[in-house]
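See structure below.
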2 protein chains.
Amino acid sequence: MTRATPRTTEATCDTHRRLLDAAVAIFAERGFRRTTVRDICEAADANVAAVNYHFGNKAALYDAAFDHARKRSNEENPFVQMDSGRDFHADKPPERRLYLFIRTMLEHQFRDGEPTDLTRLMTHEMMLPTPALDRLIEVSVRRVYGGLIQIILDLMPQDSTEKQARAYAMSVSAQCHFHHLALPMIQRLEPKQRYTPKALDDLADHIHRFTLAAVRGIDAKELNR
Amino acid sequence: MTRATPRTTEATCDTHRRLLDAAVAIFAERGFRRTTVRDICEAADANVAAVNYHFGNKAALYDAAFDHARKRSNEENPFVQMDSGRDFHADKPPERRLYLFIRTMLEHQFRDGEPTDLTRLMTHEMMLPTPALDRLIEVSVRRVYGGLIQIILDLMPQDSTEKQARAYAMSVSAQCHFHHLALPMIQRLEPKQRYTPKALDDLADHIHRFTLAAVRGIDAKELNR
DNA sequence: AAGTGTATCAAACAATTGTTTGAATACAAG
DNA sequence: CTTGTATTCAAACAATTGTTTGATACACTT
């Protein structure tokens with residue numbers, strides 16, 4: 001039997017959820033400092049005092065919104081198998097795993113041609129790190145990054161050092177993250193650049209080929225797809 | 001004969017210059033929204049009204065500070081010859097030009113192991129573009145980016161398309177810019193990473209080798225340096 | 001010496017904004 | 001119905017902050 005009386009501010013309360021959704025969208029768009037609790041409350045169709053009632057204060061709402069966006073993103077588009085302690089698509093050859101990694105990373109960042117809310121929140125964190133960034137890294141980024149290093153190690157000759165693999169991993173991460181981190185600059189330098197699913201295909205292909213050629217020194221054209 | 005009476009707010013006025021210097025430093029550190037004119041005035045040892053007297057308002061001060069940082073950066077570390085309409089080190093082979101490009105780009109971004117003021121200002125612009133970003137791109141970035149594309153075209157087989165060269169240029173730019181754009185994340189994933197002159201050497205070498213292998217499909221070890 | 005324009009400054013102003021308050025409302029349990 | 005708790009809300013509060021004001025000091029010209 002479900003208790004009808006809300007014990008505390010949980011899923012039972014609709015205003016709580018609406019505030020969270022509005023907060024994710026507006027924080028993602030404008031960052032912490034430029035968004036006002038009044039804007040969020042208006043978007044959530046709630047009273048100005050609702051934020052403090054349900055979350056304590058603006059900073060706590062930001063934290064909750066960040067974690068909310070992180071969970072939702074992970075539900076919508078999980079890094080397959082990379083969560084479960086096993087390697088990312090461990091059964092497939094490393095060339096293929098590298099492509100799937102790049103592709104998954106890009107799909108994490110763009111949705112319907114636009115940066116996702118979580119991506120934009122993270123980009124804002126790059127300018128003004130808060131404890132939310134540390135949580136994101138510990139919960140998700142570090143494991144994903146470790147998976148990338150493993151893929152690259154599998155790709156390199158046996159006697160390669162991990163230090164070199166980390167340098168390669170940095171180059172791959174750079175190519176994957178550059179497009180949302182420097183979006184305003186890219187839009188001005190390459191106005192035709194798009195991030196639709198089709199465009200992400202091309203982008204993933206390019207980064208895959210570029211990286212494979214660098215790491216293995218071979219032409220990756222035949223291996224792709 | 002120099003006129004002793006300051007005609008308007010120019011180099012003659014010391015407060016004007018102090019405000020500009022303080023503004024560059026503080027805007028670079030905190031971005032536009034989080035810096036207060038009071039902080040800038042305190043750092044510049046000036047009255048609160050000084051900003052409005054000398055620059056009109058906070059936004060105009062930001063614009064002036066951005067352009068000031070841009071000019072200063074270009075004086076300290078110009079993109080050699082790239083300004084003069086000619087190609088970047090056009091007399092040298094493209095492999096060498098690529099290395100010099102990467103090296104110069106990295107040196108633009110880090111000074112004494114820290115991101116430069118202009119770099120940090122530009123990073124903030126990625127989060128919240130203002131007309132200052134457009135000016136920077138038109139005055140400097142677009143030409144430099146065009147130079148990179150030319151280098152890559154020279155590096156590729158004759159029948160290569162410009163579209164492909166632009167994709168490569170994007171990968172090079174990504175590797176060069178990632179380190180300051182994602183600094184908080186990199187510091188957490190690779191805590192040993194440094195940006196001292198020596199570390200920039202290593203980084204430039206890596207990006208150069210990585211890129212050359214991808215573009216030419218050859219081992220760049222012998223060509224480096 | 002008087003006049004003129006520049007520069008500085010303390011104080012105040014006005015708008016924004018995160019937060020609190022105290023009353024009103026809804027609703028389930030007794 | 002009464003009670004108690006959760007929730008909503010209009011209003012107010014307090015702090016921050018960009019900007020303005022009016023006075024004052026200063027340097028130079030006439």
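Ligands are numbered from 1 in the order shown, residues from 1 within each chain, and chains are lettered A, B, ... in the order they appear in the structure tokens.
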
(request) Quick one: everything within 8 Å of DG18 of chain C, counting only C-alpha atoms (C1' of nucleotides), minus sequence neighbours fewer than 6 positions away in the same chain. Send it as a list in words. (result) Val37, Asn57 and Lys58 of chain A

(request) Find the residues near DT17 of chain D: any atom within 9 Å, counting only C-alpha atoms (C1' of nucleotides), skip ones fewer than 5 places away on the same chain, and give them as an MDAnalysis selection string. (result) (chainID B and resid 36:38) or (chainID C and resid 15:16)

Save the residues we just selected, all heavy atoms, as a PDB file, in the first residue's frame?
```
ATOM      1  N   THR B  36      32.799  41.997 -10.430  1.00  0.00           N
ATOM      2  CA  THR B  36      32.093  43.234 -10.132  1.00  0.00           C
ATOM      3  C   THR B  36      33.010  44.404 -10.418  1.00  0.00           C
ATOM      4  O   THR B  36      34.231  44.301 -10.294  1.00  0.00           O
ATOM      5  CB  THR B  36      31.663  43.278  -8.655  1.00  0.00           C
ATOM      6  OG1 THR B  36      32.817  43.440  -7.833  1.00  0.00           O
ATOM      7  CG2 THR B  36      30.930  42.003  -8.280  1.00  0.00           C
ATOM      8  N   VAL B  37      32.401  45.493 -10.804  1.00  0.00           N
ATOM      9  CA  VAL B  37      33.215  46.683 -11.059  1.00  0.00           C
ATOM     10  C   VAL B  37      33.917  47.114  -9.781  1.00  0.00           C
ATOM     11  O   VAL B  37      35.008  47.696  -9.834  1.00  0.00           O
ATOM     12  CB  VAL B  37      32.350  47.828 -11.612  1.00  0.00           C
ATOM     13  CG1 VAL B  37      31.722  47.435 -12.930  1.00  0.00           C
ATOM     14  CG2 VAL B  37      31.315  48.263 -10.623  1.00  0.00           C
ATOM     15  N   ARG B  38      33.312  46.818  -8.659  1.00  0.00           N
ATOM     16  CA  ARG B  38      33.972  47.173  -7.402  1.00  0.00           C
ATOM     17  C   ARG B  38      35.274  46.415  -7.219  1.00  0.00           C
ATOM     18  O   ARG B  38      36.284  46.970  -6.780  1.00  0.00           O
ATOM     19  CB  ARG B  38      33.020  46.906  -6.234  1.00  0.00           C
ATOM     20  CG  ARG B  38      32.016  48.026  -6.018  1.00  0.00           C
ATOM     21  CD  ARG B  38      30.999  47.685  -4.947  1.00  0.00           C
ATOM     22  NE  ARG B  38      30.146  48.839  -4.631  1.00  0.00           N
ATOM     23  CZ  ARG B  38      29.108  49.211  -5.342  1.00  0.00           C
ATOM     24  NH1 ARG B  38      28.802  48.527  -6.432  1.00  0.00           N
ATOM     25  NH2 ARG B  38      28.403  50.267  -4.998  1.00  0.00           N
TER      26      ARG B  38
ATOM     27  P    DA C  15      14.481  51.600 -11.177  1.00  0.00           P
ATOM     28  OP1  DA C  15      13.968  52.354 -12.335  1.00  0.00           O
ATOM     29  OP2  DA C  15      13.655  51.429  -9.959  1.00  0.00           O
ATOM     30  O5'  DA C  15      14.898  50.148 -11.680  1.00  0.00           O
ATOM     31  C5'  DA C  15      16.140  49.993 -12.336  1.00  0.00           C
ATOM     32  C4'  DA C  15      16.770  48.674 -11.942  1.00  0.00           C
ATOM     33  O4'  DA C  15      17.359  48.806 -10.629  1.00  0.00           O
ATOM     34  C3'  DA C  15      15.794  47.498 -11.852  1.00  0.00           C
ATOM     35  O3'  DA C  15      16.095  46.599 -12.895  1.00  0.00           O
ATOM     36  C2'  DA C  15      16.035  46.894 -10.464  1.00  0.00           C
ATOM     37  C1'  DA C  15      17.341  47.529 -10.015  1.00  0.00           C
ATOM     38  N9   DA C  15      17.466  47.746  -8.572  1.00  0.00           N
ATOM     39  C8   DA C  15      16.652  48.506  -7.779  1.00  0.00           C
ATOM     40  N7   DA C  15      17.017  48.522  -6.515  1.00  0.00           N
ATOM     41  C5   DA C  15      18.147  47.717  -6.480  1.00  0.00           C
ATOM     42  C6   DA C  15      19.003  47.335  -5.427  1.00  0.00           C
ATOM     43  N6   DA C  15      18.848  47.728  -4.161  1.00  0.00           N
ATOM     44  N1   DA C  15      20.042  46.526  -5.735  1.00  0.00           N
ATOM     45  C2   DA C  15      20.193  46.129  -7.013  1.00  0.00           C
ATOM     46  N3   DA C  15      19.458  46.426  -8.083  1.00  0.00           N
ATOM     47  C4   DA C  15      18.441  47.231  -7.742  1.00  0.00           C
ATOM     48  P    DT C  16      15.235  45.234 -13.020  1.00  0.00           P
ATOM     49  OP1  DT C  16      15.179  44.891 -14.462  1.00  0.00           O
ATOM     50  OP2  DT C  16      13.999  45.359 -12.212  1.00  0.00           O
ATOM     51  O5'  DT C  16      16.176  44.172 -12.310  1.00  0.00           O
ATOM     52  C5'  DT C  16      17.565  44.208 -12.576  1.00  0.00           C
ATOM     53  C4'  DT C  16      18.286  43.231 -11.685  1.00  0.00           C
ATOM     54  O4'  DT C  16      18.347  43.748 -10.334  1.00  0.00           O
ATOM     55  C3'  DT C  16      17.644  41.845 -11.579  1.00  0.00           C
ATOM     56  O3'  DT C  16      18.649  40.883 -11.857  1.00  0.00           O
ATOM     57  C2'  DT C  16      17.146  41.784 -10.138  1.00  0.00           C
ATOM     58  C1'  DT C  16      18.121  42.704  -9.426  1.00  0.00           C
ATOM     59  N1   DT C  16      17.645  43.320  -8.154  1.00  0.00           N
ATOM     60  C2   DT C  16      18.401  43.183  -7.019  1.00  0.00           C
ATOM     61  O2   DT C  16      19.454  42.568  -6.992  1.00  0.00           O
ATOM     62  N3   DT C  16      17.896  43.813  -5.907  1.00  0.00           N
ATOM     63  C4   DT C  16      16.720  44.538  -5.827  1.00  0.00           C
ATOM     64  O4   DT C  16      16.361  45.053  -4.780  1.00  0.00           O
ATOM     65  C5   DT C  16      15.978  44.644  -7.051  1.00  0.00           C
ATOM     66  C7   DT C  16      14.702  45.407  -7.090  1.00  0.00           C
ATOM     67  C6   DT C  16      16.468  44.041  -8.143  1.00  0.00           C
TER      68       DT C  16
END
```

(request) Please identify all polymer residues within 9 Å of Leu100 of chain B, counting only C-alpha atoms (C1' of nucleotides), omitting same-chain residues fewer than 3 positions from it, and present them as a list in words. (result)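 Using only C-alpha atoms (C1' of nucleotides), the neighbours found are Phe88, His89, Glu95, Arg96, Arg97, Arg103, Thr104, Met105 and Ala204 of chain B.
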
Could you please take those selected residues and save all heavy atoms as an mmCIF file, in the first residue's frame?
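For reference, result_39.cif as written:
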```cif
data_model
loop_
_atom_site.group_PDB
_atom_site.id
_atom_site.type_symbol
_atom_site.label_atom_id
_atom_site.label_comp_id
_atom_site.auth_asym_id
_atom_site.auth_seq_id
_atom_site.Cartn_x
_atom_site.Cartn_y
_atom_site.Cartn_z
ATOM 1 N N PHE B 88 52.585 30.923 -43.312
ATOM 2 C CA PHE B 88 53.313 30.741 -42.064
ATOM 3 C C PHE B 88 54.615 29.988 -42.349
ATOM 4 O O PHE B 88 54.603 28.824 -42.703
ATOM 5 C CB PHE B 88 52.412 29.944 -41.116
ATOM 6 C CG PHE B 88 52.943 29.785 -39.736
ATOM 7 C CD1 PHE B 88 53.085 30.875 -38.905
ATOM 8 C CD2 PHE B 88 53.265 28.534 -39.256
ATOM 9 C CE1 PHE B 88 53.547 30.716 -37.614
ATOM 10 C CE2 PHE B 88 53.726 28.366 -37.966
ATOM 11 C CZ PHE B 88 53.871 29.470 -37.154
ATOM 12 N N HIS B 89 55.752 30.668 -42.220
ATOM 13 C CA HIS B 89 57.049 30.046 -42.500
ATOM 14 C C HIS B 89 57.032 29.361 -43.867
ATOM 15 O O HIS B 89 57.395 28.181 -43.996
ATOM 16 C CB HIS B 89 57.398 29.022 -41.415
ATOM 17 C CG HIS B 89 57.701 29.643 -40.097
ATOM 18 N ND1 HIS B 89 58.836 30.353 -39.844
ATOM 19 C CD2 HIS B 89 56.993 29.664 -38.945
ATOM 20 C CE1 HIS B 89 58.842 30.784 -38.596
ATOM 21 N NE2 HIS B 89 57.732 30.385 -38.023
ATOM 22 N N GLU B 95 55.978 19.847 -43.188
ATOM 23 C CA GLU B 95 56.076 19.130 -41.918
ATOM 24 C C GLU B 95 56.572 20.057 -40.820
ATOM 25 O O GLU B 95 56.026 20.091 -39.713
ATOM 26 C CB GLU B 95 57.040 17.931 -42.033
ATOM 27 C CG GLU B 95 56.539 16.799 -42.893
ATOM 28 C CD GLU B 95 56.826 17.045 -44.360
ATOM 29 O OE1 GLU B 95 57.367 18.130 -44.694
ATOM 30 O OE2 GLU B 95 56.496 16.172 -45.186
ATOM 31 N N ARG B 96 57.595 20.810 -41.151
ATOM 32 C CA ARG B 96 58.171 21.758 -40.201
ATOM 33 C C ARG B 96 57.177 22.868 -39.886
ATOM 34 O O ARG B 96 57.048 23.304 -38.737
ATOM 35 C CB ARG B 96 59.465 22.326 -40.787
ATOM 36 C CG ARG B 96 60.143 23.382 -39.954
ATOM 37 C CD ARG B 96 60.844 22.765 -38.766
ATOM 38 N NE ARG B 96 61.525 23.791 -37.978
ATOM 39 C CZ ARG B 96 61.731 23.711 -36.678
ATOM 40 N NH1 ARG B 96 61.303 22.634 -36.009
ATOM 41 N NH2 ARG B 96 62.359 24.664 -36.021
ATOM 42 N N ARG B 97 56.488 23.336 -40.912
ATOM 43 C CA ARG B 97 55.513 24.413 -40.696
ATOM 44 C C ARG B 97 54.392 23.953 -39.776
ATOM 45 O O ARG B 97 53.905 24.712 -38.934
ATOM 46 C CB ARG B 97 54.942 24.877 -42.038
ATOM 47 C CG ARG B 97 55.919 25.769 -42.823
ATOM 48 C CD ARG B 97 55.597 25.771 -44.295
ATOM 49 N NE ARG B 97 54.278 26.308 -44.566
ATOM 50 C CZ ARG B 97 53.523 25.962 -45.619
ATOM 51 N NH1 ARG B 97 53.980 25.051 -46.479
ATOM 52 N NH2 ARG B 97 52.355 26.493 -45.786
ATOM 53 N N ARG B 103 53.303 24.443 -32.165
ATOM 54 C CA ARG B 103 54.094 24.981 -31.076
ATOM 55 C C ARG B 103 53.680 26.427 -30.756
ATOM 56 O O ARG B 103 53.503 26.803 -29.604
ATOM 57 C CB ARG B 103 55.584 24.923 -31.471
ATOM 58 C CG ARG B 103 56.553 25.345 -30.413
ATOM 59 C CD ARG B 103 56.481 24.380 -29.229
ATOM 60 N NE ARG B 103 56.780 25.082 -27.992
ATOM 61 C CZ ARG B 103 57.970 25.103 -27.425
ATOM 62 N NH1 ARG B 103 58.944 24.379 -27.938
ATOM 63 N NH2 ARG B 103 58.173 25.785 -26.330
ATOM 64 N N THR B 104 53.546 27.222 -31.793
ATOM 65 C CA THR B 104 53.148 28.620 -31.592
ATOM 66 C C THR B 104 51.768 28.708 -30.959
ATOM 67 O O THR B 104 51.524 29.517 -30.060
ATOM 68 C CB THR B 104 53.158 29.370 -32.937
ATOM 69 O OG1 THR B 104 54.437 29.208 -33.558
ATOM 70 C CG2 THR B 104 52.874 30.842 -32.727
ATOM 71 N N MET B 105 50.861 27.862 -31.429
ATOM 72 C CA MET B 105 49.507 27.863 -30.869
ATOM 73 C C MET B 105 49.532 27.547 -29.377
ATOM 74 O O MET B 105 48.878 28.222 -28.568
ATOM 75 C CB MET B 105 48.661 26.826 -31.617
ATOM 76 C CG MET B 105 47.218 26.788 -31.181
ATOM 77 S SD MET B 105 46.328 28.290 -31.606
ATOM 78 C CE MET B 105 45.927 27.967 -33.314
ATOM 79 N N ALA B 204 53.636 19.466 -28.019
ATOM 80 C CA ALA B 204 53.714 19.827 -29.433
ATOM 81 C C ALA B 204 54.268 18.663 -30.247
ATOM 82 O O ALA B 204 53.762 18.354 -31.336
ATOM 83 C CB ALA B 204 54.583 21.071 -29.612
#
```

(request) Return as a VMD selection string the residues belonging to chain B that are within 9 Å of chain A, counting only C-alpha atoms. (result) chain B and resid 30 to 31 33 to 34 120 123 to 129 133 to 134 137 141 to 142 145 166 to 168 170 to 179 181 to 186 188 to 190 203 206 to 207 209 to 219

(request) Go ahead and compute the interatomic distance for atom CA of His54 of chain B and atom CA of Arg17 of chain B, in Å to one decimal. (result) 9.9 Å

(request) Please measure the separation of atom CA of Ile26 of chain A and atom CA of Asp117 of chain A, giving the value in Å to one decimal. (result) 9.0 Å

(message) Within 10 Å of chain B, which residues belong to chain C? Use only C-alpha atoms (C1' of nucleotides) and report them as a list of chain:residue names.
(response)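 Taking only C-alpha atoms (C1' of nucleotides) into account, C:DG5, C:DT6, C:DA7, C:DT8, C:DC9, C:DA10 sit within 10 Å of chain B.
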
Write out the residues from the selection above, keeping N, CA, C and O atoms (P, O5', C5', C4', C3', O3' and C1' of nucleotides), as a PDB file, in the first residue's frame.
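What ended up in out_7.pdb:
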```
ATOM      1  P    DG C   5      35.491  74.555 -21.006  1.00  0.00           P
ATOM      2  O5'  DG C   5      36.134  73.095 -20.968  1.00  0.00           O
ATOM      3  C5'  DG C   5      37.454  72.891 -21.473  1.00  0.00           C
ATOM      4  C4'  DG C   5      38.162  71.832 -20.671  1.00  0.00           C
ATOM      5  C3'  DG C   5      37.368  70.532 -20.504  1.00  0.00           C
ATOM      6  O3'  DG C   5      38.192  69.442 -20.853  1.00  0.00           O
ATOM      7  C1'  DG C   5      38.142  71.300 -18.398  1.00  0.00           C
ATOM      8  P    DT C   6      37.646  67.972 -20.825  1.00  0.00           P
ATOM      9  O5'  DT C   6      38.574  67.344 -19.714  1.00  0.00           O
ATOM     10  C5'  DT C   6      39.977  67.588 -19.731  1.00  0.00           C
ATOM     11  C4'  DT C   6      40.634  66.908 -18.558  1.00  0.00           C
ATOM     12  C3'  DT C   6      40.137  65.480 -18.304  1.00  0.00           C
ATOM     13  O3'  DT C   6      41.259  64.629 -18.095  1.00  0.00           O
ATOM     14  C1'  DT C   6      39.936  66.790 -16.336  1.00  0.00           C
ATOM     15  P    DA C   7      41.069  63.058 -17.993  1.00  0.00           P
ATOM     16  O5'  DA C   7      41.029  62.840 -16.419  1.00  0.00           O
ATOM     17  C5'  DA C   7      42.137  63.270 -15.633  1.00  0.00           C
ATOM     18  C4'  DA C   7      41.808  63.135 -14.160  1.00  0.00           C
ATOM     19  C3'  DA C   7      41.216  61.780 -13.750  1.00  0.00           C
ATOM     20  O3'  DA C   7      42.084  61.194 -12.792  1.00  0.00           O
ATOM     21  C1'  DA C   7      39.980  63.579 -12.809  1.00  0.00           C
ATOM     22  P    DT C   8      41.800  59.698 -12.257  1.00  0.00           P
ATOM     23  O5'  DT C   8      41.151  59.976 -10.832  1.00  0.00           O
ATOM     24  C5'  DT C   8      41.844  60.797  -9.908  1.00  0.00           C
ATOM     25  C4'  DT C   8      40.948  61.117  -8.726  1.00  0.00           C
ATOM     26  C3'  DT C   8      40.301  59.893  -8.074  1.00  0.00           C
ATOM     27  O3'  DT C   8      40.751  59.809  -6.725  1.00  0.00           O
ATOM     28  C1'  DT C   8      38.738  61.661  -8.359  1.00  0.00           C
ATOM     29  P    DC C   9      40.561  58.461  -5.921  1.00  0.00           P
ATOM     30  O5'  DC C   9      39.306  58.830  -5.018  1.00  0.00           O
ATOM     31  C5'  DC C   9      39.266  60.106  -4.371  1.00  0.00           C
ATOM     32  C4'  DC C   9      37.868  60.401  -3.852  1.00  0.00           C
ATOM     33  C3'  DC C   9      37.125  59.158  -3.334  1.00  0.00           C
ATOM     34  O3'  DC C   9      36.752  59.361  -1.986  1.00  0.00           O
ATOM     35  C1'  DC C   9      35.734  60.498  -4.710  1.00  0.00           C
ATOM     36  P    DA C  10      36.724  58.116  -0.994  1.00  0.00           P
ATOM     37  O5'  DA C  10      35.451  58.477  -0.107  1.00  0.00           O
ATOM     38  C5'  DA C  10      35.304  59.805   0.369  1.00  0.00           C
ATOM     39  C4'  DA C  10      33.841  60.192   0.401  1.00  0.00           C
ATOM     40  C3'  DA C  10      32.912  59.168   1.071  1.00  0.00           C
ATOM     41  O3'  DA C  10      32.055  59.848   1.982  1.00  0.00           O
ATOM     42  C1'  DA C  10      32.136  59.659  -1.120  1.00  0.00           C
TER      43       DA C  10
END
```

Under the rule of at most 12 Å, produce a per-residue listing of chain D near chain B: chain, number, name, the closest pair of atoms, and the distance in Å, as JSON lines, using only C-alpha atoms (C1' of nucleotides).
```
{"residue": "D:DT16", "atom": "C1'", "partner": "B:Thr36", "partner_atom": "CA", "distance": 9.6}
{"residue": "D:DT17", "atom": "C1'", "partner": "B:Thr36", "partner_atom": "CA", "distance": 7.1}
{"residue": "D:DG18", "atom": "C1'", "partner": "B:Lys58", "partner_atom": "CA", "distance": 7.6}
{"residue": "D:DT19", "atom": "C1'", "partner": "B:Asn52", "partner_atom": "CA", "distance": 7.5}
{"residue": "D:DT20", "atom": "C1'", "partner": "B:Ala49", "partner_atom": "CA", "distance": 8.7}
{"residue": "D:DT21", "atom": "C1'", "partner": "B:Ala49", "partner_atom": "CA", "distance": 10.4}
{"residue": "D:DC26", "atom": "C1'", "partner": "B:Thr5", "partner_atom": "CA", "distance": 11.1}
{"residue": "D:DA27", "atom": "C1'", "partner": "B:Thr5", "partner_atom": "CA", "distance": 7.3}
{"residue": "D:DC28", "atom": "C1'", "partner": "B:Thr5", "partner_atom": "CA", "distance": 6.9}
{"residue": "D:DT29", "atom": "C1'", "partner": "B:Thr5", "partner_atom": "CA", "distance": 10.4}
```

(message) Under the rule that only C-alpha atoms are counted, which of A:Ala59, A:Asp67, A:Glu75, A:Phe110 is the nearest residue to Arg194 of chain A?
(response)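 When distances to Arg194 of chain A are compared using only C-alpha atoms, the smallest one comes from A:Phe110.
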
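The interatomic distance for the pair atom CA of Lys192 of chain A and atom CA of Arg111 of chain A works out to 17.5 Å.
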
(request) Any chance you could list, as a ChimeraX atom specification, the residues in segment 47-144 of chain A that come up helix (DSSP H, G or I) when DSSP is run on the backbone? (result) /A:50-55,58-76,94-109,117-127,131-144
